[in-house]
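Shown here: structure-v8.cif, mmCIF, C-alpha atoms.
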data_coords
loop_
_atom_site.label_atom_id
_atom_site.label_comp_id
_atom_site.auth_asym_id
_atom_site.auth_seq_id
_atom_site.Cartn_x
_atom_site.Cartn_y
_atom_site.Cartn_z
CA MET A 1 79.61 32.00 14.67
CA THR A 2 76.84 29.45 14.63
CA GLU A 3 73.79 30.38 12.60
CA PRO A 4 70.33 29.53 14.03
CA ARG A 5 69.00 26.27 12.81
CA HIS A 6 65.70 26.51 10.93
CA ALA A 7 63.39 23.59 10.92
CA ALA A 8 62.90 21.93 7.62
CA PRO A 9 59.50 22.41 6.02
CA ASP A 10 58.64 18.75 6.43
CA GLU A 11 59.87 18.59 10.00
CA GLU A 12 56.97 18.16 12.50
CA GLN A 13 56.67 20.99 15.09
CA PRO A 14 56.03 20.13 18.76
CA GLN A 15 52.42 20.84 19.79
CA VAL A 16 51.43 22.61 22.98
CA VAL A 17 48.56 20.92 24.79
CA VAL A 18 46.44 22.84 27.30
CA ASN A 19 44.23 20.77 29.55
CA ASP A 20 41.02 22.48 30.75
CA ARG A 21 40.23 20.85 34.06
CA ARG A 22 37.03 22.83 34.75
CA ARG A 23 34.19 20.47 35.51
CA ILE A 24 31.50 22.86 34.18
CA ASP A 25 31.64 23.88 30.53
CA PRO A 26 31.74 27.72 30.58
CA GLU A 27 29.85 27.92 27.28
CA THR A 28 27.12 25.32 27.72
CA GLY A 29 26.96 25.10 31.51
CA GLU A 30 26.88 21.29 31.31
CA VAL A 31 28.92 18.89 33.41
CA ARG A 32 31.98 17.63 31.56
CA VAL A 33 32.52 13.90 31.44
CA PRO A 34 36.13 12.79 32.03
CA ALA A 35 37.94 11.57 28.93
CA HIS A 36 38.38 8.03 30.21
CA VAL A 37 34.67 7.82 30.91
CA ALA A 38 33.80 9.18 27.47
CA GLU A 39 36.12 6.69 25.79
CA GLU A 40 34.62 3.76 27.65
CA GLY A 41 31.11 4.82 26.75
CA THR A 42 28.55 4.53 29.49
CA ALA A 43 30.32 4.20 32.84
CA PRO A 44 28.72 2.56 35.85
CA ALA A 45 26.41 4.88 37.75
CA VAL A 46 28.30 4.23 40.97
CA ALA A 47 31.48 5.67 39.47
CA ASP A 48 29.71 8.92 38.36
CA GLU A 49 27.71 9.64 41.53
CA PRO A 50 30.59 11.11 43.63
CA LEU A 51 31.67 13.38 40.78
CA VAL A 52 28.15 14.62 40.05
CA ALA A 53 27.39 15.13 43.75
CA GLU A 54 30.56 17.16 44.24
CA VAL A 55 29.81 19.36 41.24
CA VAL A 56 26.23 19.87 42.37
CA ASP A 57 27.41 20.87 45.84
CA GLU A 58 29.83 23.41 44.38
CA VAL A 59 27.18 24.93 42.15
CA ALA A 60 24.63 25.02 44.98
CA ALA A 61 27.12 26.71 47.32
CA GLU A 62 27.94 29.34 44.71
CA LEU A 63 24.26 30.01 43.99
CA LYS A 64 23.49 30.27 47.71
CA SER A 65 26.35 32.71 48.21
CA GLN A 66 25.08 34.90 45.37
CA LEU A 67 21.50 34.69 46.66
CA ASP A 68 22.56 35.67 50.18
CA GLU A 69 24.52 38.62 48.83
CA ARG A 70 21.63 39.86 46.66
CA THR A 71 19.18 39.39 49.54
CA ALA A 72 21.40 41.43 51.88
CA ASP A 73 21.65 44.20 49.26
CA LEU A 74 17.87 44.23 48.81
CA GLN A 75 17.25 44.36 52.57
CA ARG A 76 19.71 47.23 52.95
CA LEU A 77 18.11 49.21 50.13
CA THR A 78 14.64 48.55 51.53
CA ALA A 79 15.68 49.79 54.98
CA GLU A 80 17.33 52.90 53.53
CA TYR A 81 14.23 53.71 51.50
CA ALA A 82 11.95 53.21 54.52
CA ASN A 83 14.13 55.55 56.61
CA TYR A 84 14.12 58.09 53.79
CA ARG A 85 10.33 58.04 53.59
CA LYS A 86 10.00 58.44 57.37
CA ARG A 87 12.42 61.37 57.35
CA VAL A 88 10.54 63.08 54.49
CA GLU A 89 7.22 62.50 56.26
CA ARG A 90 8.57 63.97 59.53
CA ASP A 91 9.91 67.02 57.71
CA ARG A 92 6.61 67.50 55.87
CA GLU A 93 4.59 67.28 59.09
CA ALA A 94 6.97 69.70 60.83
CA VAL A 95 6.54 72.26 58.04
CA ILE A 96 2.74 71.91 58.15
CA ASN A 97 2.59 72.19 61.95
CA ASN A 98 4.87 75.22 61.97
CA ALA A 99 2.66 76.90 59.37
CA LYS A 100 -0.48 76.15 61.38
CA ALA A 101 1.11 77.39 64.59
CA SER A 102 2.21 80.60 62.86
CA VAL A 103 -1.32 81.30 61.61
CA ALA A 104 -2.88 80.43 64.98
CA SER A 105 -0.47 82.73 66.84
CA GLU A 106 -1.71 85.65 64.72
CA LEU A 107 -5.25 84.98 65.97
CA LEU A 108 -4.47 84.78 69.69
CA SER A 109 -5.37 88.42 70.24
CA VAL A 110 -8.79 87.69 68.72
CA LEU A 111 -9.22 84.76 71.10
CA ASP A 112 -8.28 87.03 74.01
CA ASP A 113 -11.04 89.47 72.95
CA VAL A 114 -13.52 86.61 72.66
CA GLU A 115 -12.62 85.38 76.14
CA ARG A 116 -12.95 88.85 77.68
CA ALA A 117 -16.30 89.35 75.97
CA ALA A 118 -17.52 86.02 77.32
CA ALA A 119 -16.38 86.97 80.83
CA HIS A 120 -18.37 90.22 80.66
CA GLY A 121 -21.46 88.58 79.21
CA ASP A 122 -21.15 90.33 75.85
CA LEU A 123 -20.71 87.15 73.80
CA THR A 124 -24.22 86.73 72.46
CA GLY A 125 -26.15 86.33 69.22
CA ALA A 126 -24.32 86.23 65.91
CA PHE A 127 -21.07 87.32 67.54
CA LYS A 128 -21.16 84.24 69.78
CA ALA A 129 -21.83 81.94 66.81
CA VAL A 130 -18.84 83.33 64.90
CA ALA A 131 -16.62 83.17 67.99
CA ASP A 132 -17.59 79.57 68.71
CA LYS A 133 -16.82 78.59 65.12
CA LEU A 134 -13.43 80.31 65.27
CA VAL A 135 -12.50 78.58 68.53
CA SER A 136 -13.69 75.21 67.20
CA THR A 137 -11.71 75.57 63.96
CA LEU A 138 -8.49 76.50 65.75
CA SER A 139 -8.95 73.61 68.18
CA LYS A 140 -9.28 71.17 65.26
CA THR A 141 -6.00 72.39 63.82
CA GLY A 142 -4.27 71.51 67.11
CA LEU A 143 -4.29 74.78 69.07
CA GLU A 144 -4.86 74.03 72.75
CA PRO A 145 -5.43 76.60 75.56
CA PHE A 146 -4.02 75.98 79.03
CA ALA A 147 -3.70 77.55 82.50
CA HIS A 148 -6.43 77.22 85.09
CA GLU A 149 -6.78 78.41 88.64
CA GLY A 150 -5.67 75.86 91.20
CA GLU A 151 -3.08 74.05 89.06
CA ALA A 152 0.56 73.82 90.06
CA PHE A 153 2.79 76.61 88.83
CA ASP A 154 5.11 75.49 86.01
CA PRO A 155 7.75 78.08 85.06
CA SER A 156 8.24 76.42 81.66
CA VAL A 157 4.71 77.36 80.55
CA HIS A 158 3.59 79.94 83.13
CA GLU A 159 4.84 83.50 83.48
CA ALA A 160 4.25 84.83 86.98
CA VAL A 161 3.30 88.52 87.07
CA GLN A 162 1.86 88.57 90.59
CA HIS A 163 3.05 86.82 93.73
CA ASN A 164 1.35 86.11 97.05
CA THR A 165 1.71 83.73 99.97
CA SER A 166 -0.91 81.76 101.82
CA PRO A 167 -1.11 78.81 104.25
CA ASP A 168 -3.96 77.43 102.14
CA VAL A 169 -1.67 76.08 99.40
CA ASP A 170 0.96 73.35 99.62
CA GLY A 171 3.31 74.86 97.05
CA PRO A 172 3.48 77.40 94.22
CA THR A 173 -0.07 77.45 92.81
CA VAL A 174 -1.79 79.39 90.05
CA THR A 175 -4.48 81.45 91.82
CA ALA A 176 -5.44 83.72 88.91
CA VAL A 177 -5.08 83.55 85.11
CA LEU A 178 -4.51 87.00 83.62
CA ARG A 179 -3.93 85.76 80.08
CA ARG A 180 -4.57 82.27 78.73
CA GLY A 181 -1.60 80.32 77.40
CA TYR A 182 -1.64 78.27 74.19
CA ARG A 183 0.31 75.33 72.82
CA PHE A 184 0.28 73.63 69.45
CA GLY A 185 1.05 69.97 69.95
CA ASP A 186 4.36 69.89 71.83
CA LYS A 187 5.23 73.46 70.78
CA LEU A 188 4.59 76.33 73.18
CA VAL A 189 2.92 79.14 71.23
CA ARG A 190 2.46 81.54 74.14
CA PRO A 191 3.04 81.22 77.90
CA ALA A 192 0.22 82.03 80.29
CA LEU A 193 0.32 85.13 82.48
CA VAL A 194 -0.67 84.10 85.99
CA ALA A 195 -0.73 85.12 89.60
CA VAL A 196 1.14 82.70 91.84
CA THR A 197 0.64 81.99 95.51
CA ASP A 198 3.37 80.26 97.54
CA HIS A 199 2.88 78.29 100.71
CA GLU A 200 3.25 80.26 103.92
CA PRO A 201 3.35 78.34 107.20
CA ALA A 202 0.55 79.32 109.56
CA ALA A 203 1.63 81.35 112.56
CA ALA A 204 2.14 79.24 115.69
CA PRO A 205 -0.53 79.94 118.31
CA GLN A 206 0.75 81.97 121.21
CA ALA A 207 1.01 80.14 124.51
CA GLU A 208 -1.61 81.15 126.98
CA GLN A 209 -0.26 83.34 129.71
CA GLU A 210 -0.38 81.81 133.09
#
As structure tokens:
Amino acid sequence: MTEPRHAAPDEEQPQVVVNDRRRIDPETGEVRVPAHVAEEGTAPAVADEPLVAEVVDEVAAELKSQLDERTADLQRLTAEYANYRKRVERDREAVINNAKASVASELLSVLDDVERAAAHGDLTGAFKAVADKLVSTLSKTGLEPFAHEGEAFDPSVHEAVQHNTSPDVDGPTVTAVLRRGYRFGDKLVRPALVAVTDHEPAAAPQAEQE
């Protein structure tokens, strides 16, 4: 059996050489000069220009890639934040409008009384001043009355409680408003109660008897 051979103490061990071919020093960030150039001292500028230009192009490309990536991330975050703010603002406005509409709907019966009093000539003096202020305040919050005689009948906002026919109208027409309707912005608070008249062709004149 052959025993492993141990190197003598004075025997020189083979050295492992690792060549770092990176052109940019990872610690200092400076451009490395090739060994043959360093040994020769100052090399001609013409010999260094291609190497320096290539390194500069690589660094510039890497920096541009990182900048483009960071810019895209920033734009995406900015857009997401803007959408978030818009969504929060829409939700906040919806809550406020719903609250206003709820309060206004509780006062519709008061507005009906005010309108009836005005129709009978009883809206005078201090009562009229208070009523006008109430109507003005509700109008500023966004409450809007609708339904007038002579307008076209719209089943989405009108509720027909009376029906007639007449040759004087071209189509379904509101001919009497029994209760005013109200809307708050795009939201229907209460439909209007109306009387509707449909078109009725006029009777053909009878032929004169010979």
* Asked: Using only C-alpha atoms, which residues sit within 12 Å of Gly142 of chain A once same-chain residues fewer than 5 positions away are excluded, as an NGL selection string?
  -> :A and (96-105 or 135-137 or 182-189)
* To do: List the residues sitting within 9 Å of (3.7, 77.7, 84.0) in the file's frame, using all atoms listed in the file, as a PyMOL selection string.
  => chain A and resi 147+152-160+174+181+191-194
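For the pair atom CA of Glu151 of chain A and atom CA of Arg180 of chain A, the separation is 13.3 Å.
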* What separation in Å, quoted to one decimal, exists between atom CA of Arg190 of chain A and atom CA of Thr165 of chain A? -> 25.9 Å
* Asked: Distance atom CA of Arg179 of chain A-atom CA of Asp112 of chain A, one decimal place?
  ->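 Distance reported for this atom pair: 7.6 Å.
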For the structure provided, state which residues fall under the PyMOL selection byres ((chain A and resi 113) around 12), and present them as a PDB file with C-alpha atoms, in the coordinates of the input.
ATOM      1  CA  LEU A 107      -5.250  84.980  65.970  1.00  0.00           C
ATOM      2  CA  LEU A 108      -4.470  84.780  69.690  1.00  0.00           C
ATOM      3  CA  SER A 109      -5.370  88.420  70.240  1.00  0.00           C
ATOM      4  CA  VAL A 110      -8.790  87.690  68.720  1.00  0.00           C
ATOM      5  CA  LEU A 111      -9.220  84.760  71.100  1.00  0.00           C
ATOM      6  CA  ASP A 112      -8.280  87.030  74.010  1.00  0.00           C
ATOM      7  CA  VAL A 114     -13.520  86.610  72.660  1.00  0.00           C
ATOM      8  CA  GLU A 115     -12.620  85.380  76.140  1.00  0.00           C
ATOM      9  CA  ARG A 116     -12.950  88.850  77.680  1.00  0.00           C
ATOM     10  CA  ALA A 117     -16.300  89.350  75.970  1.00  0.00           C
ATOM     11  CA  ALA A 118     -17.520  86.020  77.320  1.00  0.00           C
ATOM     12  CA  ALA A 119     -16.380  86.970  80.830  1.00  0.00           C
ATOM     13  CA  HIS A 120     -18.370  90.220  80.660  1.00  0.00           C
ATOM     14  CA  ASP A 122     -21.150  90.330  75.850  1.00  0.00           C
ATOM     15  CA  LEU A 123     -20.710  87.150  73.800  1.00  0.00           C
ATOM     16  CA  PHE A 127     -21.070  87.320  67.540  1.00  0.00           C
ATOM     17  CA  LYS A 128     -21.160  84.240  69.780  1.00  0.00           C
ATOM     18  CA  ALA A 131     -16.620  83.170  67.990  1.00  0.00           C
ATOM     19  CA  VAL A 135     -12.500  78.580  68.530  1.00  0.00           C
ATOM     20  CA  ARG A 179      -3.930  85.760  80.080  1.00  0.00           C
ATOM     21  CA  ARG A 180      -4.570  82.270  78.730  1.00  0.00           C
TER      22      ARG A 180
END
* Could you write out as an MDAnalysis selection string the residues that the PyMOL selection byres ((chain A and resi 164) around 8) matches in the shown file? -> chainID A and resid 162:163 165:166 195:198
* Asked: Quick one: of A:Val56, A:Glu80, A:Pro201, A:Glu149, who's nearest to Leu178 of chain A, counting all atoms listed in the file?
  ->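 Answer, going by the shortest atom-to-atom distance: A:Glu149.
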